[in-house]
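**Student:** Next comes entry.cif, mmCIF, N, CA and C atoms:
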```cif
data_target
loop_
_atom_site.group_PDB
_atom_site.id
_atom_site.type_symbol
_atom_site.label_atom_id
_atom_site.label_comp_id
_atom_site.auth_asym_id
_atom_site.auth_seq_id
_atom_site.Cartn_x
_atom_site.Cartn_y
_atom_site.Cartn_z
ATOM 1 N N MET X 221 30.870 59.849 -52.323
ATOM 2 C CA MET X 221 29.821 58.849 -52.477
ATOM 3 C C MET X 221 28.478 59.473 -52.085
ATOM 4 N N ALA X 222 27.486 59.238 -52.894
ATOM 5 C CA ALA X 222 26.153 59.791 -52.644
ATOM 6 C C ALA X 222 25.503 59.085 -51.460
ATOM 7 N N ASP X 223 24.691 59.815 -50.720
ATOM 8 C CA ASP X 223 23.948 59.258 -49.600
ATOM 9 C C ASP X 223 22.748 58.498 -50.160
ATOM 10 N N LYS X 224 22.788 57.173 -50.099
ATOM 11 C CA LYS X 224 21.729 56.347 -50.689
ATOM 12 C C LYS X 224 20.429 56.410 -49.906
ATOM 13 N N ILE X 225 20.484 56.869 -48.667
ATOM 14 C CA ILE X 225 19.276 56.988 -47.856
ATOM 15 C C ILE X 225 18.570 58.306 -48.153
ATOM 16 N N LYS X 226 19.293 59.410 -48.053
ATOM 17 C CA LYS X 226 18.682 60.726 -48.224
ATOM 18 C C LYS X 226 18.602 61.182 -49.677
ATOM 19 N N HIS X 227 19.478 60.679 -50.525
ATOM 20 C CA HIS X 227 19.520 61.133 -51.912
ATOM 21 C C HIS X 227 19.668 59.962 -52.886
ATOM 22 N N PRO X 228 18.699 59.046 -52.909
ATOM 23 C CA PRO X 228 18.821 57.906 -53.833
ATOM 24 C C PRO X 228 18.722 58.387 -55.279
ATOM 25 N N SER X 229 19.631 57.938 -56.109
ATOM 26 C CA SER X 229 19.697 58.413 -57.495
ATOM 27 C C SER X 229 18.439 58.080 -58.292
ATOM 28 N N HIS X 230 17.744 57.005 -57.937
ATOM 29 C CA HIS X 230 16.556 56.626 -58.699
ATOM 30 C C HIS X 230 15.388 57.576 -58.470
ATOM 31 N N TYR X 231 15.464 58.468 -57.497
ATOM 32 C CA TYR X 231 14.422 59.479 -57.296
ATOM 33 C C TYR X 231 14.878 60.864 -57.726
ATOM 34 N N PHE X 232 16.159 61.135 -57.663
ATOM 35 C CA PHE X 232 16.640 62.480 -57.942
ATOM 36 C C PHE X 232 16.852 62.748 -59.426
ATOM 37 N N ARG X 233 16.423 61.878 -60.264
ATOM 38 C CA ARG X 233 16.499 62.125 -61.703
ATOM 39 C C ARG X 233 15.325 62.983 -62.163
ATOM 40 N N PHE X 234 14.346 63.198 -61.292
ATOM 41 C CA PHE X 234 13.170 63.997 -61.634
ATOM 42 C C PHE X 234 13.335 65.427 -61.126
ATOM 43 N N LYS X 235 12.588 66.352 -61.712
ATOM 44 C CA LYS X 235 12.621 67.744 -61.258
ATOM 45 C C LYS X 235 12.068 67.873 -59.844
ATOM 46 N N ILE X 236 11.085 67.037 -59.514
ATOM 47 C CA ILE X 236 10.504 67.009 -58.179
ATOM 48 C C ILE X 236 10.648 65.588 -57.657
ATOM 49 N N GLU X 237 11.247 65.446 -56.481
ATOM 50 C CA GLU X 237 11.388 64.121 -55.886
ATOM 51 C C GLU X 237 9.994 63.598 -55.539
ATOM 52 N N PRO X 238 9.689 62.311 -55.819
ATOM 53 C CA PRO X 238 8.353 61.781 -55.554
ATOM 54 C C PRO X 238 7.850 62.031 -54.134
ATOM 55 N N ILE X 239 8.690 61.857 -53.114
ATOM 56 C CA ILE X 239 8.235 62.060 -51.738
ATOM 57 C C ILE X 239 7.836 63.516 -51.504
ATOM 58 N N THR X 240 8.550 64.442 -52.113
ATOM 59 C CA THR X 240 8.215 65.863 -51.991
ATOM 60 C C THR X 240 6.853 66.125 -52.631
ATOM 61 N N PHE X 241 6.645 65.577 -53.823
ATOM 62 C CA PHE X 241 5.366 65.730 -54.521
ATOM 63 C C PHE X 241 4.218 65.159 -53.685
ATOM 64 N N VAL X 242 4.414 63.957 -53.160
ATOM 65 C CA VAL X 242 3.380 63.279 -52.375
ATOM 66 C C VAL X 242 3.044 64.081 -51.116
ATOM 67 N N MET X 243 4.056 64.498 -50.385
ATOM 68 C CA MET X 243 3.825 65.195 -49.120
ATOM 69 C C MET X 243 3.234 66.595 -49.334
ATOM 70 N N GLN X 244 3.744 67.328 -50.318
ATOM 71 C CA GLN X 244 3.235 68.688 -50.541
ATOM 72 C C GLN X 244 1.807 68.696 -51.071
ATOM 73 N N ASN X 245 1.373 67.582 -51.622
ATOM 74 C CA ASN X 245 0.018 67.492 -52.155
ATOM 75 C C ASN X 245 -0.913 66.669 -51.272
ATOM 76 N N ASN X 246 -0.427 66.296 -50.074
ATOM 77 C CA ASN X 246 -1.229 65.507 -49.129
ATOM 78 C C ASN X 246 -1.863 64.279 -49.780
ATOM 79 N N ILE X 247 -1.069 63.573 -50.546
ATOM 80 C CA ILE X 247 -1.552 62.377 -51.236
ATOM 81 C C ILE X 247 -1.584 61.225 -50.240
ATOM 82 N N PRO X 248 -2.707 60.504 -50.167
ATOM 83 C CA PRO X 248 -2.826 59.390 -49.208
ATOM 84 C C PRO X 248 -1.811 58.268 -49.463
ATOM 85 N N TYR X 249 -1.695 57.407 -48.473
ATOM 86 C CA TYR X 249 -0.691 56.346 -48.436
ATOM 87 C C TYR X 249 -0.657 55.476 -49.704
ATOM 88 N N ALA X 250 -1.763 54.879 -50.064
ATOM 89 C CA ALA X 250 -1.775 53.943 -51.199
ATOM 90 C C ALA X 250 -1.412 54.650 -52.498
ATOM 91 N N GLU X 251 -1.999 55.821 -52.723
ATOM 92 C CA GLU X 251 -1.696 56.580 -53.930
ATOM 93 C C GLU X 251 -0.224 56.980 -53.964
ATOM 94 N N GLY X 252 0.296 57.397 -52.800
ATOM 95 C CA GLY X 252 1.697 57.796 -52.717
ATOM 96 C C GLY X 252 2.648 56.653 -53.021
ATOM 97 N N ASN X 253 2.326 55.470 -52.518
ATOM 98 C CA ASN X 253 3.183 54.319 -52.805
ATOM 99 C C ASN X 253 3.117 53.925 -54.276
ATOM 100 N N ALA X 254 1.954 53.999 -54.882
ATOM 101 C CA ALA X 254 1.848 53.706 -56.314
ATOM 102 C C ALA X 254 2.729 54.673 -57.102
ATOM 103 N N ILE X 255 2.676 55.955 -56.747
ATOM 104 C CA ILE X 255 3.510 56.957 -57.415
ATOM 105 C C ILE X 255 4.993 56.618 -57.239
ATOM 106 N N LYS X 256 5.385 56.267 -56.019
ATOM 107 C CA LYS X 256 6.786 55.936 -55.724
ATOM 108 C C LYS X 256 7.276 54.794 -56.615
ATOM 109 N N TYR X 257 6.506 53.714 -56.666
ATOM 110 C CA TYR X 257 6.949 52.555 -57.441
ATOM 111 C C TYR X 257 6.940 52.834 -58.943
ATOM 112 N N ILE X 258 5.975 53.582 -59.411
ATOM 113 C CA ILE X 258 5.928 53.929 -60.835
ATOM 114 C C ILE X 258 7.130 54.801 -61.215
ATOM 115 N N CYS X 259 7.487 55.722 -60.347
ATOM 116 C CA CYS X 259 8.609 56.624 -60.647
ATOM 117 C C CYS X 259 9.960 55.913 -60.650
ATOM 118 N N ARG X 260 10.131 54.897 -59.828
ATOM 119 C CA ARG X 260 11.464 54.323 -59.664
ATOM 120 C C ARG X 260 11.719 53.044 -60.445
ATOM 121 N N TRP X 261 10.688 52.383 -60.973
ATOM 122 C CA TRP X 261 10.848 51.018 -61.467
ATOM 123 C C TRP X 261 11.943 50.865 -62.511
ATOM 124 N N ARG X 262 12.121 51.824 -63.372
ATOM 125 C CA ARG X 262 13.150 51.688 -64.420
ATOM 126 C C ARG X 262 14.568 51.919 -63.910
ATOM 127 N N TYR X 263 14.700 52.632 -62.811
ATOM 128 C CA TYR X 263 16.006 53.149 -62.422
ATOM 129 C C TYR X 263 16.605 52.542 -61.159
ATOM 130 N N LYS X 264 15.806 51.977 -60.287
ATOM 131 C CA LYS X 264 16.347 51.489 -59.020
ATOM 132 C C LYS X 264 17.063 50.152 -59.163
ATOM 133 N N HIS X 265 16.541 49.299 -60.000
ATOM 134 C CA HIS X 265 17.038 47.922 -60.062
ATOM 135 C C HIS X 265 17.797 47.645 -61.360
ATOM 136 N N ASP X 266 18.726 46.715 -61.255
ATOM 137 C CA ASP X 266 19.528 46.342 -62.425
ATOM 138 C C ASP X 266 18.904 45.217 -63.237
ATOM 139 N N THR X 267 18.043 44.419 -62.609
ATOM 140 C CA THR X 267 17.472 43.273 -63.322
ATOM 141 C C THR X 267 16.037 43.554 -63.750
ATOM 142 N N LYS X 268 15.657 42.976 -64.846
ATOM 143 C CA LYS X 268 14.281 43.109 -65.346
ATOM 144 C C LYS X 268 13.302 42.539 -64.330
ATOM 145 N N GLU X 269 13.684 41.451 -63.677
ATOM 146 C CA GLU X 269 12.823 40.820 -62.677
ATOM 147 C C GLU X 269 12.502 41.789 -61.531
ATOM 148 N N ALA X 270 13.504 42.477 -61.036
ATOM 149 C CA ALA X 270 13.290 43.433 -59.953
ATOM 150 C C ALA X 270 12.485 44.643 -60.430
ATOM 151 N N GLN X 271 12.704 45.050 -61.670
ATOM 152 C CA GLN X 271 11.925 46.163 -62.225
ATOM 153 C C GLN X 271 10.447 45.792 -62.306
ATOM 154 N N ILE X 272 10.173 44.597 -62.786
ATOM 155 C CA ILE X 272 8.789 44.124 -62.889
ATOM 156 C C ILE X 272 8.166 44.005 -61.499
ATOM 157 N N GLU X 273 8.957 43.620 -60.515
ATOM 158 C CA GLU X 273 8.456 43.518 -59.139
ATOM 159 C C GLU X 273 7.959 44.885 -58.651
ATOM 160 N N ASP X 274 8.684 45.958 -58.958
ATOM 161 C CA ASP X 274 8.217 47.288 -58.577
ATOM 162 C C ASP X 274 6.906 47.638 -59.281
ATOM 163 N N LEU X 275 6.764 47.257 -60.547
ATOM 164 C CA LEU X 275 5.494 47.503 -61.246
ATOM 165 C C LEU X 275 4.358 46.718 -60.594
ATOM 166 N N LYS X 276 4.641 45.500 -60.172
ATOM 167 C CA LYS X 276 3.623 44.697 -59.493
ATOM 168 C C LYS X 276 3.233 45.321 -58.151
ATOM 169 N N LYS X 277 4.202 45.911 -57.462
ATOM 170 C CA LYS X 277 3.897 46.591 -56.202
ATOM 171 C C LYS X 277 2.988 47.787 -56.459
ATOM 172 N N ALA X 278 3.283 48.556 -57.498
ATOM 173 C CA ALA X 278 2.426 49.694 -57.848
ATOM 174 C C ALA X 278 1.023 49.207 -58.180
ATOM 175 N N LYS X 279 0.942 48.131 -58.935
ATOM 176 C CA LYS X 279 -0.355 47.561 -59.312
ATOM 177 C C LYS X 279 -1.128 47.092 -58.081
ATOM 178 N N GLN X 280 -0.428 46.526 -57.106
ATOM 179 C CA GLN X 280 -1.090 46.068 -55.884
ATOM 180 C C GLN X 280 -1.774 47.236 -55.179
ATOM 181 N N TYR X 281 -1.089 48.360 -55.087
ATOM 182 C CA TYR X 281 -1.699 49.528 -54.442
ATOM 183 C C TYR X 281 -2.878 50.055 -55.256
ATOM 184 N N ILE X 282 -2.760 50.037 -56.565
ATOM 185 C CA ILE X 282 -3.868 50.484 -57.410
ATOM 186 C C ILE X 282 -5.042 49.523 -57.280
ATOM 187 N N ASP X 283 -4.765 48.221 -57.258
ATOM 188 C CA ASP X 283 -5.834 47.230 -57.068
ATOM 189 C C ASP X 283 -6.540 47.414 -55.723
ATOM 190 N N LEU X 284 -5.770 47.730 -54.670
ATOM 191 C CA LEU X 284 -6.378 47.981 -53.360
ATOM 192 C C LEU X 284 -7.319 49.189 -53.419
ATOM 193 N N LEU X 285 -6.900 50.221 -54.129
ATOM 194 C CA LEU X 285 -7.748 51.405 -54.269
ATOM 195 C C LEU X 285 -9.030 51.081 -55.033
ATOM 196 N N ILE X 286 -8.898 50.312 -56.104
ATOM 197 C CA ILE X 286 -10.080 49.920 -56.885
ATOM 198 C C ILE X 286 -11.029 49.100 -56.020
ATOM 199 N N GLU X 287 -10.478 48.148 -55.274
ATOM 200 C CA GLU X 287 -11.307 47.324 -54.390
ATOM 201 C C GLU X 287 -12.021 48.197 -53.359
ATOM 202 N N GLN X 288 -11.286 49.109 -52.769
ATOM 203 C CA GLN X 288 -11.866 49.998 -51.761
ATOM 204 C C GLN X 288 -12.994 50.839 -52.355
ATOM 205 N N GLU X 289 -12.797 51.353 -53.532
ATOM 206 C CA GLU X 289 -13.779 52.246 -54.148
ATOM 207 C C GLU X 289 -14.991 51.519 -54.706
ATOM 208 N N THR X 290 -14.901 50.213 -54.872
ATOM 209 C CA THR X 290 -16.025 49.460 -55.435
ATOM 210 C C THR X 290 -16.795 48.651 -54.395
ATOM 211 N N GLN X 291 -16.381 48.725 -53.128
ATOM 212 C CA GLN X 291 -17.081 48.025 -52.057
ATOM 213 C C GLN X 291 -18.148 48.937 -51.452
ATOM 214 N N PRO X 292 -19.235 48.338 -50.969
ATOM 215 C CA PRO X 292 -20.216 49.154 -50.241
ATOM 216 C C PRO X 292 -19.557 49.791 -49.020
ATOM 217 N N GLU X 293 -20.036 50.941 -48.630
ATOM 218 C CA GLU X 293 -19.481 51.663 -47.479
ATOM 219 C C GLU X 293 -19.409 50.756 -46.255
ATOM 220 N N GLY X 294 -18.253 50.712 -45.629
ATOM 221 C CA GLY X 294 -18.073 49.922 -44.414
ATOM 222 C C GLY X 294 -17.867 48.441 -44.650
ATOM 223 N N LYS X 295 -17.816 48.022 -45.887
ATOM 224 C CA LYS X 295 -17.698 46.590 -46.178
ATOM 225 C C LYS X 295 -16.358 46.222 -46.793
ATOM 226 N N ILE X 296 -15.351 47.068 -46.591
ATOM 227 C CA ILE X 296 -14.028 46.780 -47.117
ATOM 228 C C ILE X 296 -13.428 45.636 -46.307
ATOM 229 N N LYS X 297 -12.991 44.596 -46.991
ATOM 230 C CA LYS X 297 -12.432 43.438 -46.311
ATOM 231 C C LYS X 297 -10.962 43.666 -46.005
ATOM 232 N N LEU X 298 -10.566 43.246 -44.819
ATOM 233 C CA LEU X 298 -9.177 43.353 -44.414
ATOM 234 C C LEU X 298 -8.367 42.301 -45.164
ATOM 235 N N LYS X 299 -7.208 42.682 -45.669
ATOM 236 C CA LYS X 299 -6.407 41.779 -46.490
ATOM 237 C C LYS X 299 -5.921 40.551 -45.730
ATOM 238 N N LEU X 300 -5.575 40.707 -44.466
ATOM 239 C CA LEU X 300 -5.012 39.577 -43.724
ATOM 240 C C LEU X 300 -6.055 38.539 -43.346
ATOM 241 N N THR X 301 -7.287 38.980 -43.063
ATOM 242 C CA THR X 301 -8.297 38.043 -42.570
ATOM 243 C C THR X 301 -9.378 37.727 -43.592
ATOM 244 N N GLY X 302 -9.560 38.585 -44.582
ATOM 245 C CA GLY X 302 -10.628 38.391 -45.547
ATOM 246 C C GLY X 302 -11.995 38.754 -44.989
ATOM 247 N N GLN X 303 -12.018 39.441 -43.839
ATOM 248 C CA GLN X 303 -13.265 39.834 -43.202
ATOM 249 C C GLN X 303 -13.386 41.353 -43.203
ATOM 250 N N THR X 304 -14.617 41.835 -43.071
ATOM 251 C CA THR X 304 -14.802 43.272 -42.925
ATOM 252 C C THR X 304 -14.337 43.667 -41.525
ATOM 253 N N GLN X 305 -14.160 44.954 -41.309
ATOM 254 C CA GLN X 305 -13.757 45.426 -39.978
ATOM 255 C C GLN X 305 -14.801 45.036 -38.940
ATOM 256 N N GLU X 306 -16.051 45.104 -39.315
ATOM 257 C CA GLU X 306 -17.132 44.730 -38.394
ATOM 258 C C GLU X 306 -17.058 43.244 -38.036
ATOM 259 N N GLU X 307 -16.859 42.390 -39.033
ATOM 260 C CA GLU X 307 -16.743 40.951 -38.781
ATOM 261 C C GLU X 307 -15.531 40.651 -37.897
ATOM 262 N N GLU X 308 -14.427 41.335 -38.148
ATOM 263 C CA GLU X 308 -13.218 41.126 -37.353
ATOM 264 C C GLU X 308 -13.441 41.576 -35.913
ATOM 265 N N ALA X 309 -14.122 42.704 -35.724
ATOM 266 C CA ALA X 309 -14.413 43.197 -34.375
ATOM 267 C C ALA X 309 -15.318 42.218 -33.629
ATOM 268 N N ASP X 310 -16.345 41.687 -34.316
ATOM 269 C CA ASP X 310 -17.232 40.696 -33.689
ATOM 270 C C ASP X 310 -16.453 39.463 -33.257
ATOM 271 N N LYS X 311 -15.576 38.997 -34.110
ATOM 272 C CA LYS X 311 -14.756 37.825 -33.811
ATOM 273 C C LYS X 311 -13.867 38.100 -32.594
ATOM 274 N N THR X 312 -13.278 39.271 -32.540
ATOM 275 C CA THR X 312 -12.420 39.644 -31.418
ATOM 276 C C THR X 312 -13.220 39.701 -30.119
ATOM 277 N N MET X 313 -14.388 40.321 -30.163
ATOM 278 C CA MET X 313 -15.223 40.419 -28.967
ATOM 279 C C MET X 313 -15.657 39.037 -28.478
ATOM 280 N N LYS X 314 -16.024 38.152 -29.374
ATOM 281 C CA LYS X 314 -16.406 36.796 -28.995
ATOM 282 C C LYS X 314 -15.234 36.081 -28.330
ATOM 283 N N ALA X 315 -14.034 36.284 -28.842
ATOM 284 C CA ALA X 315 -12.855 35.645 -28.264
ATOM 285 C C ALA X 315 -12.562 36.209 -26.884
ATOM 286 N N ILE X 316 -12.768 37.512 -26.710
ATOM 287 C CA ILE X 316 -12.532 38.130 -25.401
ATOM 288 C C ILE X 316 -13.507 37.560 -24.374
ATOM 289 N N TYR X 317 -14.791 37.497 -24.721
ATOM 290 C CA TYR X 317 -15.795 37.003 -23.768
ATOM 291 C C TYR X 317 -15.638 35.513 -23.503
ATOM 292 N N LYS X 318 -15.222 34.772 -24.522
ATOM 293 C CA LYS X 318 -15.015 33.346 -24.360
ATOM 294 C C LYS X 318 -13.846 33.058 -23.418
ATOM 295 N N ASN X 319 -12.777 33.844 -23.580
ATOM 296 C CA ASN X 319 -11.573 33.630 -22.780
ATOM 297 C C ASN X 319 -11.549 34.449 -21.496
ATOM 298 N N GLY X 320 -12.468 35.416 -21.381
ATOM 299 C CA GLY X 320 -12.421 36.348 -20.256
ATOM 300 C C GLY X 320 -13.132 35.854 -19.072
#
```
Spell out the structure here as structure tokens.

**Tutor:**
Amino acid sequence: MADKIKHPSHYFRFKIEPITFVMQNNIPYAEGNAIKYICRWRYKHDTKEAQIEDLKKAKQYIDLLIEQETQPEGKIKLKLTGQTQEEEADKTMKAIYKNG
């Protein structure tokens, strides 16, 4: 039986395993995840629904990159709060002083 953790068949069908390609080329996190999902979507899942879900995950990472690259410097909004890092830091500091 193949080791599904170390040797998943949906990655070893390529000449270069996606993780090897990503790491040897120092590809950043979001780009690396987009590559991972694009490489595996046809082969990892048995259902069309699950395959499409992997494509949507790849698209999410690509959309994050587009958003990041089109925002003014330092004005990237955090996904969880919808605020910039500066706005989130100000909010945190106000909460510390209010409660401190």

**Student:** Have a look at atom N of X:Tyr249 and atom N of X:Glu273 and let me know their distance in Å, one decimal.

**Tutor:**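 For atom N of X:Tyr249 relative to atom N of X:Glu273, the distance reads 21.2 Å.
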
**Student:** Find, counting only N, CA and C atoms, the residue in X:Asp266, X:Tyr257, X:Ile239, X:Gln291 that gets nearest to X:Ala278.

**Tutor:**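 The closest residue to X:Ala278 is X:Tyr257.
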
**Student:** Do you have the atom CA of X:Thr240-atom C of X:Tyr281 distance handy?

**Tutor:**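 Taking atom CA of X:Thr240 as the start and atom C of X:Tyr281 as the end point, the length is 19.6 Å.
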
**Student:** Could you tell me which of X:Ala270, X:Glu237, X:His265, X:Leu284 comes closest to X:Ala250 if we count all atoms listed in the file?

**Tutor:**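 The shortest atom-to-atom distance to X:Ala250 comes from X:Leu284.
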
**Student:** To one decimal in Å, tell me the separation between atom C of X:Gln244 and atom C of X:Gln288.

**Tutor:** 23.2 Å

**Student:** Spell out the residues picked by the PyMOL selection byres ((chain X and resi 262) around 8) here, as number ranges by chain.

**Tutor:** X: 230, 257-261, 263-266, 270-272, 274-275

**Student:** In terms of the shortest atom-to-atom distance over all atoms listed in the file, which of X:Glu269, X:Asn245, X:Pro238, X:Ala254 is closest to X:Ile282?

**Tutor:**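 When distances to X:Ile282 are compared using all atoms listed in the file, the smallest one comes from X:Ala254.
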
**Student:** Rank nothing, just name the residue among X:Phe234, X:Glu251, X:Ala315, X:Glu307 nearest to X:Leu285, using all atoms listed in the file.

**Tutor:**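 Nearest to X:Leu285: X:Glu251.
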